[in-house]
Every structure is written in C-alpha cells, then in structure tokens.
file input-v4.tsv (TSV, N, CA and C atoms)
chain	number	residue	atom	x	y	z
A	1	MET	N	98.68	110.96	68.38
A	1	MET	CA	99.78	110.05	68.26
A	1	MET	C	99.20	108.63	68.09
A	2	THR	N	99.80	107.88	67.22
A	2	THR	CA	99.39	106.50	67.00
A	2	THR	C	100.59	105.58	67.17
A	3	HIS	N	100.30	104.32	67.41
A	3	HIS	CA	101.34	103.32	67.55
A	3	HIS	C	101.06	102.21	66.55
A	4	LYS	N	102.08	101.83	65.81
A	4	LYS	CA	101.93	100.84	64.75
A	4	LYS	C	102.53	99.52	65.20
A	5	ILE	N	101.76	98.46	65.03
A	5	ILE	CA	102.22	97.12	65.34
A	5	ILE	C	102.23	96.35	64.03
A	6	GLU	N	103.40	95.87	63.63
A	6	GLU	CA	103.52	95.15	62.38
A	6	GLU	C	103.48	93.65	62.65
A	7	SER	N	102.76	92.93	61.78
A	7	SER	CA	102.70	91.48	61.89
A	7	SER	C	102.74	90.88	60.50
A	8	SER	N	102.82	89.58	60.42
A	8	SER	CA	102.87	88.91	59.12
A	8	SER	C	101.54	89.02	58.37
A	9	HIS	N	100.46	89.31	59.08
A	9	HIS	CA	99.13	89.43	58.46
A	9	HIS	C	98.76	90.86	58.11
A	10	GLY	N	99.60	91.82	58.46
A	10	GLY	CA	99.33	93.22	58.19
A	10	GLY	C	99.67	94.08	59.39
A	11	ASP	N	99.35	95.35	59.28
A	11	ASP	CA	99.68	96.31	60.33
A	11	ASP	C	98.45	96.63	61.17
A	12	ILE	N	98.70	96.93	62.43
A	12	ILE	CA	97.65	97.37	63.35
A	12	ILE	C	98.04	98.76	63.83
A	13	ILE	N	97.13	99.71	63.69
A	13	ILE	CA	97.37	101.07	64.14
A	13	ILE	C	96.54	101.31	65.39
A	14	LEU	N	97.21	101.64	66.50
A	14	LEU	CA	96.52	101.92	67.76
A	14	LEU	C	96.55	103.41	68.04
A	15	ASN	N	95.39	103.99	68.21
A	15	ASN	CA	95.27	105.39	68.57
A	15	ASN	C	95.66	105.56	70.04
A	16	GLU	N	96.24	106.70	70.38
A	16	GLU	CA	96.64	106.94	71.77
A	16	GLU	C	95.44	106.88	72.72
A	17	GLY	N	94.27	107.30	72.26
A	17	GLY	CA	93.07	107.25	73.09
A	17	GLY	C	92.70	105.83	73.48
A	18	VAL	N	92.91	104.89	72.57
A	18	VAL	CA	92.63	103.49	72.86
A	18	VAL	C	93.58	102.99	73.94
A	19	LEU	N	94.86	103.30	73.78
A	19	LEU	CA	95.84	102.89	74.79
A	19	LEU	C	95.54	103.53	76.14
A	20	ALA	N	95.15	104.81	76.13
A	20	ALA	CA	94.85	105.50	77.39
A	20	ALA	C	93.65	104.87	78.09
A	21	ARG	N	92.61	104.51	77.34
A	21	ARG	CA	91.44	103.86	77.96
A	21	ARG	C	91.81	102.48	78.49
A	22	LEU	N	92.65	101.76	77.78
A	22	LEU	CA	93.11	100.45	78.22
A	22	LEU	C	93.87	100.57	79.55
A	23	VAL	N	94.76	101.56	79.62
A	23	VAL	CA	95.52	101.81	80.86
A	23	VAL	C	94.58	102.25	81.98
A	24	GLY	N	93.61	103.11	81.66
A	24	GLY	CA	92.65	103.58	82.66
A	24	GLY	C	91.81	102.44	83.22
A	25	MET	N	91.39	101.53	82.35
A	25	MET	CA	90.61	100.38	82.82
A	25	MET	C	91.45	99.50	83.74
A	26	ALA	N	92.69	99.24	83.35
A	26	ALA	CA	93.58	98.42	84.18
A	26	ALA	C	93.82	99.08	85.53
A	27	THR	N	94.00	100.39	85.53
A	27	THR	CA	94.28	101.12	86.77
A	27	THR	C	93.10	101.09	87.72
A	28	THR	N	91.90	101.36	87.21
A	28	THR	CA	90.73	101.42	88.09
A	28	THR	C	90.32	100.06	88.62
A	29	GLU	N	90.81	98.98	88.03
A	29	GLU	CA	90.52	97.64	88.54
A	29	GLU	C	91.37	97.29	89.76
A	30	CYS	N	92.40	98.06	90.03
A	30	CYS	CA	93.30	97.77	91.15
A	30	CYS	C	92.67	98.16	92.49
A	31	TYR	N	92.86	97.31	93.48
A	31	TYR	CA	92.34	97.57	94.82
A	31	TYR	C	92.97	98.84	95.36
A	32	GLY	N	92.14	99.69	95.95
A	32	GLY	CA	92.61	100.91	96.58
A	32	GLY	C	92.51	102.14	95.69
A	33	VAL	N	92.32	101.95	94.39
A	33	VAL	CA	92.18	103.08	93.49
A	33	VAL	C	90.71	103.51	93.50
A	34	ALA	N	90.46	104.73	93.96
A	34	ALA	CA	89.09	105.24	94.05
A	34	ALA	C	88.66	105.89	92.75
A	35	GLY	N	89.61	106.25	91.90
A	35	GLY	CA	89.27	106.85	90.62
A	35	GLY	C	90.49	107.48	89.99
A	36	MET	N	90.26	108.03	88.80
A	36	MET	CA	91.32	108.70	88.06
A	36	MET	C	91.23	110.20	88.35
A	37	ALA	N	92.37	110.85	88.43
A	37	ALA	CA	92.43	112.30	88.63
A	37	ALA	C	92.69	112.95	87.28
A	38	PRO	N	92.13	114.13	87.06
A	38	PRO	CA	92.33	114.79	85.77
A	38	PRO	C	93.79	115.12	85.50
A	39	ARG	N	94.19	114.99	84.24
A	39	ARG	CA	95.57	115.31	83.87
A	39	ARG	C	95.74	116.76	83.47
A	40	ASN	N	94.61	117.43	83.15
A	40	ASN	CA	94.69	118.84	82.75
A	40	ASN	C	93.34	119.51	82.97
A	41	LEU	N	93.26	120.78	82.69
A	41	LEU	CA	92.03	121.55	82.91
A	41	LEU	C	90.88	121.06	82.04
A	42	GLY	N	91.17	120.62	80.83
A	42	GLY	CA	90.12	120.10	79.94
A	42	GLY	C	89.46	118.86	80.52
A	43	ASP	N	90.26	117.96	81.08
A	43	ASP	CA	89.71	116.76	81.71
A	43	ASP	C	88.89	117.12	82.94
A	44	GLU	N	89.36	118.12	83.70
A	44	GLU	CA	88.64	118.54	84.90
A	44	GLU	C	87.28	119.13	84.52
A	45	LEU	N	87.25	119.94	83.48
A	45	LEU	CA	86.01	120.52	83.00
A	45	LEU	C	85.05	119.45	82.50
A	46	ALA	N	85.56	118.46	81.78
A	46	ALA	CA	84.72	117.36	81.29
A	46	ALA	C	84.12	116.59	82.45
A	47	ALA	N	84.89	116.38	83.52
A	47	ALA	CA	84.38	115.66	84.69
A	47	ALA	C	83.26	116.46	85.36
A	48	ILE	N	83.43	117.77	85.43
A	48	ILE	CA	82.40	118.61	86.04
A	48	ILE	C	81.11	118.54	85.23
A	49	LEU	N	81.25	118.48	83.92
A	49	LEU	CA	80.07	118.42	83.04
A	49	LEU	C	79.48	117.02	82.93
A	50	GLY	N	80.09	116.06	83.62
A	50	GLY	CA	79.53	114.71	83.66
A	50	GLY	C	80.02	113.79	82.57
A	51	HIS	N	81.10	114.13	81.92
A	51	HIS	CA	81.66	113.28	80.87
A	51	HIS	C	82.88	112.54	81.40
A	52	GLU	N	82.66	111.61	82.31
A	52	GLU	CA	83.76	110.86	82.90
A	52	GLU	C	84.42	109.98	81.84
A	53	SER	N	85.72	109.86	81.94
A	53	SER	CA	86.48	109.07	80.99
A	53	SER	C	87.54	108.29	81.73
A	54	LEU	N	87.71	107.04	81.35
A	54	LEU	CA	88.76	106.24	81.96
A	54	LEU	C	90.14	106.75	81.59
A	55	ALA	N	90.24	107.45	80.48
A	55	ALA	CA	91.53	107.93	79.99
A	55	ALA	C	91.92	109.27	80.58
A	56	LYS	N	91.06	109.86	81.42
A	56	LYS	CA	91.31	111.23	81.84
A	56	LYS	C	92.58	111.42	82.67
A	57	GLY	N	93.05	110.43	83.33
A	57	GLY	CA	94.24	110.58	84.16
A	57	GLY	C	95.47	109.92	83.58
A	58	VAL	N	95.47	109.63	82.28
A	58	VAL	CA	96.55	108.86	81.67
A	58	VAL	C	97.32	109.72	80.67
A	59	ILE	N	98.63	109.68	80.77
A	59	ILE	CA	99.51	110.36	79.82
A	59	ILE	C	100.46	109.31	79.26
A	60	ILE	N	100.50	109.19	77.93
A	60	ILE	CA	101.34	108.19	77.27
A	60	ILE	C	102.36	108.91	76.40
A	61	ASP	N	103.63	108.58	76.60
A	61	ASP	CA	104.72	109.12	75.80
A	61	ASP	C	105.51	107.98	75.20
A	62	THR	N	106.08	108.23	74.04
A	62	THR	CA	106.96	107.23	73.44
A	62	THR	C	108.37	107.44	73.96
A	63	THR	N	109.15	106.40	73.90
A	63	THR	CA	110.55	106.48	74.33
A	63	THR	C	111.43	106.54	73.10
A	64	ASP	N	112.73	106.43	73.30
A	64	ASP	CA	113.66	106.40	72.18
A	64	ASP	C	113.40	105.19	71.28
A	65	ARG	N	112.96	104.11	71.89
A	65	ARG	CA	112.57	102.93	71.11
A	65	ARG	C	111.13	103.11	70.67
A	66	ASP	N	110.82	102.78	69.44
A	66	ASP	CA	109.47	102.99	68.90
A	66	ASP	C	108.43	102.08	69.54
A	67	ASP	N	108.85	100.91	70.03
A	67	ASP	CA	107.88	99.95	70.56
A	67	ASP	C	107.73	100.02	72.07
A	68	ALA	N	108.33	101.01	72.72
A	68	ALA	CA	108.25	101.12	74.18
A	68	ALA	C	107.53	102.41	74.57
A	69	LEU	N	106.86	102.36	75.71
A	69	LEU	CA	106.06	103.49	76.18
A	69	LEU	C	106.47	103.90	77.59
A	70	ASP	N	106.34	105.20	77.85
A	70	ASP	CA	106.39	105.74	79.21
A	70	ASP	C	104.97	106.15	79.54
A	71	ILE	N	104.43	105.66	80.64
A	71	ILE	CA	103.04	105.92	81.00
A	71	ILE	C	102.98	106.57	82.37
A	72	SER	N	102.16	107.61	82.47
A	72	SER	CA	101.90	108.25	83.76
A	72	SER	C	100.41	108.16	84.04
A	73	VAL	N	100.05	107.77	85.25
A	73	VAL	CA	98.65	107.73	85.65
A	73	VAL	C	98.46	108.60	86.88
A	74	ASN	N	97.40	109.40	86.86
A	74	ASN	CA	97.04	110.26	87.98
A	74	ASN	C	95.82	109.64	88.66
A	75	ILE	N	95.98	109.27	89.92
A	75	ILE	CA	94.92	108.54	90.60
A	75	ILE	C	94.50	109.21	91.91
A	76	VAL	N	93.35	108.79	92.37
A	76	VAL	CA	92.85	109.11	93.70
A	76	VAL	C	92.74	107.77	94.42
A	77	VAL	N	93.28	107.69	95.63
A	77	VAL	CA	93.22	106.44	96.39
A	77	VAL	C	92.17	106.55	97.49
A	78	GLY	N	91.72	105.40	97.95
A	78	GLY	CA	90.78	105.36	99.06
A	78	GLY	C	91.50	105.58	100.39
A	79	TYR	N	90.79	106.18	101.33
A	79	TYR	CA	91.35	106.44	102.65
A	79	TYR	C	91.69	105.12	103.35
A	80	GLY	N	92.86	105.05	103.97
A	80	GLY	CA	93.24	103.91	104.78
A	80	GLY	C	94.01	102.83	104.04
A	81	VAL	N	94.23	102.98	102.74
A	81	VAL	CA	94.99	101.96	102.01
A	81	VAL	C	96.48	102.28	102.06
A	82	ASN	N	97.28	101.27	101.83
A	82	ASN	CA	98.73	101.44	101.77
A	82	ASN	C	99.05	102.00	100.38
A	83	ILE	N	99.41	103.26	100.31
A	83	ILE	CA	99.60	103.95	99.03
A	83	ILE	C	100.74	103.31	98.23
A	84	GLY	N	101.81	102.93	98.88
A	84	GLY	CA	102.92	102.28	98.18
A	84	GLY	C	102.51	100.98	97.53
A	85	GLU	N	101.71	100.20	98.25
A	85	GLU	CA	101.24	98.93	97.72
A	85	GLU	C	100.28	99.15	96.55
A	86	VAL	N	99.40	100.13	96.65
A	86	VAL	CA	98.48	100.45	95.56
A	86	VAL	C	99.27	100.85	94.33
A	87	ALA	N	100.27	101.71	94.49
A	87	ALA	CA	101.09	102.16	93.36
A	87	ALA	C	101.82	100.99	92.70
A	88	ARG	N	102.35	100.09	93.52
A	88	ARG	CA	103.05	98.91	92.98
A	88	ARG	C	102.10	98.04	92.18
A	89	ASN	N	100.88	97.83	92.71
A	89	ASN	CA	99.88	97.03	91.99
A	89	ASN	C	99.48	97.68	90.67
A	90	VAL	N	99.32	99.01	90.68
A	90	VAL	CA	98.96	99.72	89.45
A	90	VAL	C	100.05	99.54	88.41
A	91	LYS	N	101.30	99.71	88.81
A	91	LYS	CA	102.42	99.55	87.87
A	91	LYS	C	102.43	98.16	87.24
A	92	GLU	N	102.32	97.14	88.08
A	92	GLU	CA	102.35	95.77	87.58
A	92	GLU	C	101.18	95.49	86.64
A	93	LYS	N	100.00	95.94	87.01
A	93	LYS	CA	98.81	95.68	86.19
A	93	LYS	C	98.90	96.40	84.85
A	94	VAL	N	99.34	97.65	84.84
A	94	VAL	CA	99.45	98.42	83.60
A	94	VAL	C	100.46	97.76	82.66
A	95	VAL	N	101.61	97.38	83.18
A	95	VAL	CA	102.63	96.73	82.34
A	95	VAL	C	102.07	95.43	81.75
A	96	TYR	N	101.42	94.63	82.59
A	96	TYR	CA	100.87	93.36	82.12
A	96	TYR	C	99.80	93.57	81.05
A	97	VAL	N	98.84	94.45	81.30
A	97	VAL	CA	97.72	94.64	80.36
A	97	VAL	C	98.21	95.20	79.03
A	98	VAL	N	99.08	96.20	79.06
A	98	VAL	CA	99.57	96.77	77.81
A	98	VAL	C	100.34	95.73	77.01
A	99	ASP	N	101.21	94.98	77.67
A	99	ASP	CA	101.98	93.95	76.98
A	99	ASP	C	101.06	92.85	76.44
A	100	HIS	N	100.13	92.39	77.26
A	100	HIS	CA	99.24	91.29	76.88
A	100	HIS	C	98.28	91.68	75.75
A	101	CYS	N	97.74	92.88	75.81
A	101	CYS	CA	96.72	93.29	74.83
A	101	CYS	C	97.29	93.90	73.55
A	102	THR	N	98.49	94.49	73.62
A	102	THR	CA	99.02	95.18	72.44
A	102	THR	C	100.36	94.65	71.96
A	103	GLY	N	101.11	94.00	72.83
A	103	GLY	CA	102.45	93.56	72.47
A	103	GLY	C	103.49	94.66	72.61
A	104	LEU	N	103.06	95.88	72.96
A	104	LEU	CA	104.00	96.97	73.19
A	104	LEU	C	104.62	96.82	74.57
A	105	SER	N	105.88	97.21	74.69
A	105	SER	CA	106.52	97.12	76.00
A	105	SER	C	106.41	98.46	76.72
A	106	VAL	N	106.38	98.38	78.01
A	106	VAL	CA	106.30	99.58	78.85
A	106	VAL	C	107.64	99.74	79.54
A	107	GLU	N	108.28	100.85	79.28
A	107	GLU	CA	109.58	101.10	79.88
A	107	GLU	C	109.45	101.64	81.31
A	108	LYS	N	108.42	102.50	81.51
A	108	LYS	CA	108.27	103.13	82.82
A	108	LYS	C	106.80	103.45	83.07
A	109	VAL	N	106.35	103.26	84.31
A	109	VAL	CA	105.01	103.67	84.74
A	109	VAL	C	105.18	104.57	85.95
A	110	ASN	N	104.71	105.81	85.82
A	110	ASN	CA	104.72	106.76	86.93
A	110	ASN	C	103.32	106.83	87.51
A	111	VAL	N	103.19	106.64	88.80
A	111	VAL	CA	101.89	106.72	89.47
A	111	VAL	C	101.91	107.99	90.32
A	112	ASN	N	101.03	108.92	89.97
A	112	ASN	CA	100.91	110.18	90.70
A	112	ASN	C	99.63	110.16	91.51
A	113	VAL	N	99.76	110.14	92.82
A	113	VAL	CA	98.59	110.13	93.70
A	113	VAL	C	98.18	111.59	93.90
A	114	GLN	N	97.01	111.94	93.37
A	114	GLN	CA	96.54	113.33	93.38
A	114	GLN	C	95.58	113.63	94.54
A	115	GLY	N	95.09	112.59	95.20
A	115	GLY	CA	94.17	112.83	96.30
A	115	GLY	C	93.78	111.55	97.01
A	116	VAL	N	93.06	111.74	98.11
A	116	VAL	CA	92.54	110.63	98.91
A	116	VAL	C	91.05	110.81	99.04
A	117	LYS	N	90.31	109.76	98.70
A	117	LYS	CA	88.86	109.82	98.81
A	117	LYS	C	88.44	109.31	100.19
A	118	VAL	N	87.68	110.13	100.88
A	118	VAL	CA	87.20	109.77	102.20
A	118	VAL	C	85.69	109.54	102.10
A	119	ASP	N	85.25	108.35	102.51
A	119	ASP	CA	83.81	108.06	102.54
A	119	ASP	C	83.19	108.75	103.74
A	120	LYS	N	81.91	108.99	103.65
A	120	LYS	CA	81.17	109.66	104.75
A	120	LYS	C	81.32	108.88	106.06
A	121	GLN	N	81.27	107.57	105.99
A	121	GLN	CA	81.36	106.78	107.21
A	121	GLN	C	82.77	106.83	107.82
A	122	ASP	N	83.81	107.08	107.00
A	122	ASP	CA	85.17	107.19	107.51
A	122	ASP	C	85.41	108.51	108.23
A	123	GLU	N	84.61	109.54	107.92
A	123	GLU	CA	84.78	110.84	108.54
A	123	GLU	C	84.34	110.84	109.99
A	124	GLN	N	83.48	109.95	110.39
A	124	GLN	CA	82.92	109.94	111.75
A	124	GLN	C	83.83	109.26	112.73

call {"tool": "encode", "arguments": {"input": "input-v4.tsv", "output": "structure tokens"}}
result
Amino acid sequence: MTHKIESSHGDIILNEGVLARLVGMATTECYGVAGMAPRNLGDELAAILGHESLAKGVIIDTTDRDDALDISVNIVVGYGVNIGEVARNVKEKVVYVVDHCTGLSVEKVNVNVQGVKVDKQDEQ
C-alpha cells in the first residue's frame, strides 16, 4: 500500500514500510517503551533470526478519507511505568510525527501493550 501526497511541485509517494518505520521510531523514543512487539508470526521469526525492525509492531490502515490513517502499535513496556501514561505519550508522539513529517492526518492510534519487560535487577 502506498500513500500519495500531492503538492504544487509534484507528487510524493510514500510506501507503507516508510510510514511504519517512522511510526516505530516515534514509538520507541517514548519513555517507558521497552520495544516493539511482533504484529505477526513473520515478524516474530525475523526477530528470532536477529533481523530487528522498527516497523515490526506497526499496522497502518487507511480510513474512508484518503489522507487519514488508522495506526496500531504493539509495544512492550518497562516494569514499573504507568501504562496509561505511556500509551497516551505514544499516541501524541505518533500523531505529531506523522503529521509533521508527511502531512497526513491520523484519525486513530491504537496502542496494544503485548508485554512487560523486567530487568534482572528488578526481579530481586
């Protein structure tokens, strides 16, 4: 899937992979996010084989409007963080980055917390 941005100087075609990596980078920069969780078995297999990708936990869908997106991110949070606050920060950051970098609007951001990462020192 691609997204087309029209301007007076010509058209810009954005591949879904580019948007997914952009969303993944914005998500992992948020405090409390320990990493991205796989969205499917293929992503999980790639992670096992050592091919980590920022886009692995991102699903992008178009809405009824051509210029708006529905985005879902699958994340792992760090132990002891306020999950609601982390999710709110992820939503705000994703909306801002997508709008600022592409001009596309985000209609909805779903944050799916798939796990909690516990550090060795937290286990004791």

call {"tool": "residues_around", "arguments": {"input": "input-v4.tsv", "residues": "Lys117 in chain A", "least_positions_apart": "4", "cutoff": "6 Å", "atoms": "all atoms listed in the file", "output": "ChimeraX atom specification"}}
result
/A:76-79

call {"tool": "closest_residue", "arguments": {"input": "input-v4.tsv", "among": "A:Ile13, A:Ile75, A:Leu54, A:Ala20", "to": "Val97 in chain A", "atoms": "only C-alpha atoms"}}
result
A:Ala20

call {"tool": "atom_distance", "arguments": {"input": "input-v4.tsv", "atom1": "atom C of Ala26 in chain A", "atom2": "atom C of Glu6 in chain A"}}
result
25.4 Å

call {"tool": "residues_around", "arguments": {"input": "input-v4.tsv", "residues": "Thr62 in chain A", "least_positions_apart": "6", "cutoff": "10 Å", "atoms": "only C-alpha atoms", "output": "MDAnalysis selection string"}}
result
chainID A and resid 1:3 68:71 106:107

call {"tool": "atom_distance", "arguments": {"input": "input-v4.tsv", "atom1": "atom C of Met25 in chain A", "atom2": "atom C of Thr63 in chain A"}}
result
23.7 Å

call {"tool": "closest_residue", "arguments": {"input": "input-v4.tsv", "among": "A:Ser72, A:Ser53, A:Thr102, A:Ala37", "to": "Asn15 in chain A", "atoms": "only C-alpha atoms"}}
result
A:Thr102

call {"tool": "atom_distance", "arguments": {"input": "input-v4.tsv", "atom1": "CA of Ala87 in chain A", "atom2": "CA of His100 in chain A"}}
result
19.8 Å

call {"tool": "closest_residue", "arguments": {"input": "input-v4.tsv", "among": "A:His9, A:Arg88, A:Lys93, A:Lys4", "to": "Val23 in chain A", "atoms": "only N, CA and C atoms"}}
result
A:Lys93

call {"tool": "select_by_dssp", "arguments": {"input": "input-v4.tsv", "residues": "chain A", "states": "helix (DSSP H, G or I)", "output": "short mmCIF file (atom, residue, chain, number, x, y, z; two decimals) with N, CA and C atoms, in the frame of the given file"}}
result
data_model
loop_
_atom_site.label_atom_id
_atom_site.label_comp_id
_atom_site.auth_asym_id
_atom_site.auth_seq_id
_atom_site.Cartn_x
_atom_site.Cartn_y
_atom_site.Cartn_z
N GLU A 16 96.24 106.70 70.38
CA GLU A 16 96.64 106.94 71.77
C GLU A 16 95.44 106.88 72.72
N GLY A 17 94.27 107.30 72.26
CA GLY A 17 93.07 107.25 73.09
C GLY A 17 92.70 105.83 73.48
N VAL A 18 92.91 104.89 72.57
CA VAL A 18 92.63 103.49 72.86
C VAL A 18 93.58 102.99 73.94
N LEU A 19 94.86 103.30 73.78
CA LEU A 19 95.84 102.89 74.79
C LEU A 19 95.54 103.53 76.14
N ALA A 20 95.15 104.81 76.13
CA ALA A 20 94.85 105.50 77.39
C ALA A 20 93.65 104.87 78.09
N ARG A 21 92.61 104.51 77.34
CA ARG A 21 91.44 103.86 77.96
C ARG A 21 91.81 102.48 78.49
N LEU A 22 92.65 101.76 77.78
CA LEU A 22 93.11 100.45 78.22
C LEU A 22 93.87 100.57 79.55
N VAL A 23 94.76 101.56 79.62
CA VAL A 23 95.52 101.81 80.86
C VAL A 23 94.58 102.25 81.98
N GLY A 24 93.61 103.11 81.66
CA GLY A 24 92.65 103.58 82.66
C GLY A 24 91.81 102.44 83.22
N MET A 25 91.39 101.53 82.35
CA MET A 25 90.61 100.38 82.82
C MET A 25 91.45 99.50 83.74
N ALA A 26 92.69 99.24 83.35
CA ALA A 26 93.58 98.42 84.18
C ALA A 26 93.82 99.08 85.53
N THR A 27 94.00 100.39 85.53
CA THR A 27 94.28 101.12 86.77
C THR A 27 93.10 101.09 87.72
N THR A 28 91.90 101.36 87.21
CA THR A 28 90.73 101.42 88.09
C THR A 28 90.32 100.06 88.62
N LEU A 41 93.26 120.78 82.69
CA LEU A 41 92.03 121.55 82.91
C LEU A 41 90.88 121.06 82.04
N GLY A 42 91.17 120.62 80.83
CA GLY A 42 90.12 120.10 79.94
C GLY A 42 89.46 118.86 80.52
N ASP A 43 90.26 117.96 81.08
CA ASP A 43 89.71 116.76 81.71
C ASP A 43 88.89 117.12 82.94
N GLU A 44 89.36 118.12 83.70
CA GLU A 44 88.64 118.54 84.90
C GLU A 44 87.28 119.13 84.52
N LEU A 45 87.25 119.94 83.48
CA LEU A 45 86.01 120.52 83.00
C LEU A 45 85.05 119.45 82.50
N ALA A 46 85.56 118.46 81.78
CA ALA A 46 84.72 117.36 81.29
C ALA A 46 84.12 116.59 82.45
N ALA A 47 84.89 116.38 83.52
CA ALA A 47 84.38 115.66 84.69
C ALA A 47 83.26 116.46 85.36
N ILE A 48 83.43 117.77 85.43
CA ILE A 48 82.40 118.61 86.04
C ILE A 48 81.11 118.54 85.23
N ILE A 83 99.41 103.26 100.31
CA ILE A 83 99.60 103.95 99.03
C ILE A 83 100.74 103.31 98.23
N GLY A 84 101.81 102.93 98.88
CA GLY A 84 102.92 102.28 98.18
C GLY A 84 102.51 100.98 97.53
N GLU A 85 101.71 100.20 98.25
CA GLU A 85 101.24 98.93 97.72
C GLU A 85 100.28 99.15 96.55
N VAL A 86 99.40 100.13 96.65
CA VAL A 86 98.48 100.45 95.56
C VAL A 86 99.27 100.85 94.33
N ALA A 87 100.27 101.71 94.49
CA ALA A 87 101.09 102.16 93.36
C ALA A 87 101.82 100.99 92.70
N ARG A 88 102.35 100.09 93.52
CA ARG A 88 103.05 98.91 92.98
C ARG A 88 102.10 98.04 92.18
N ASN A 89 100.88 97.83 92.71
CA ASN A 89 99.88 97.03 91.99
C ASN A 89 99.48 97.68 90.67
N VAL A 90 99.32 99.01 90.68
CA VAL A 90 98.96 99.72 89.45
C VAL A 90 100.05 99.54 88.41
N LYS A 91 101.30 99.71 88.81
CA LYS A 91 102.42 99.55 87.87
C LYS A 91 102.43 98.16 87.24
N GLU A 92 102.32 97.14 88.08
CA GLU A 92 102.35 95.77 87.58
C GLU A 92 101.18 95.49 86.64
N LYS A 93 100.00 95.94 87.01
CA LYS A 93 98.81 95.68 86.19
C LYS A 93 98.90 96.40 84.85
N VAL A 94 99.34 97.65 84.84
CA VAL A 94 99.45 98.42 83.60
C VAL A 94 100.46 97.76 82.66
N VAL A 95 101.61 97.38 83.18
CA VAL A 95 102.63 96.73 82.34
C VAL A 95 102.07 95.43 81.75
N TYR A 96 101.42 94.63 82.59
CA TYR A 96 100.87 93.36 82.12
C TYR A 96 99.80 93.57 81.05
N VAL A 97 98.84 94.45 81.30
CA VAL A 97 97.72 94.64 80.36
C VAL A 97 98.21 95.20 79.03
N VAL A 98 99.08 96.20 79.06
CA VAL A 98 99.57 96.77 77.81
C VAL A 98 100.34 95.73 77.01
N ASP A 99 101.21 94.98 77.67
CA ASP A 99 101.98 93.95 76.98
C ASP A 99 101.06 92.85 76.44
N HIS A 100 100.13 92.39 77.26
CA HIS A 100 99.24 91.29 76.88
C HIS A 100 98.28 91.68 75.75
N CYS A 101 97.74 92.88 75.81
CA CYS A 101 96.72 93.29 74.83
C CYS A 101 97.29 93.90 73.55
N THR A 102 98.49 94.49 73.62
CA THR A 102 99.02 95.18 72.44
C THR A 102 100.36 94.65 71.96
N LYS A 120 81.91 108.99 103.65
CA LYS A 120 81.17 109.66 104.75
C LYS A 120 81.32 108.88 106.06
N GLN A 121 81.27 107.57 105.99
CA GLN A 121 81.36 106.78 107.21
C GLN A 121 82.77 106.83 107.82
N ASP A 122 83.81 107.08 107.00
CA ASP A 122 85.17 107.19 107.51
C ASP A 122 85.41 108.51 108.23
N GLU A 123 84.61 109.54 107.92
CA GLU A 123 84.78 110.84 108.54
C GLU A 123 84.34 110.84 109.99
#

call {"tool": "closest_residue", "arguments": {"input": "input-v4.tsv", "among": "A:Val118, A:Val113, A:Ile83, A:Val90", "to": "Thr28 in chain A", "atoms": "all atoms listed in the file"}}
result
A:Val90
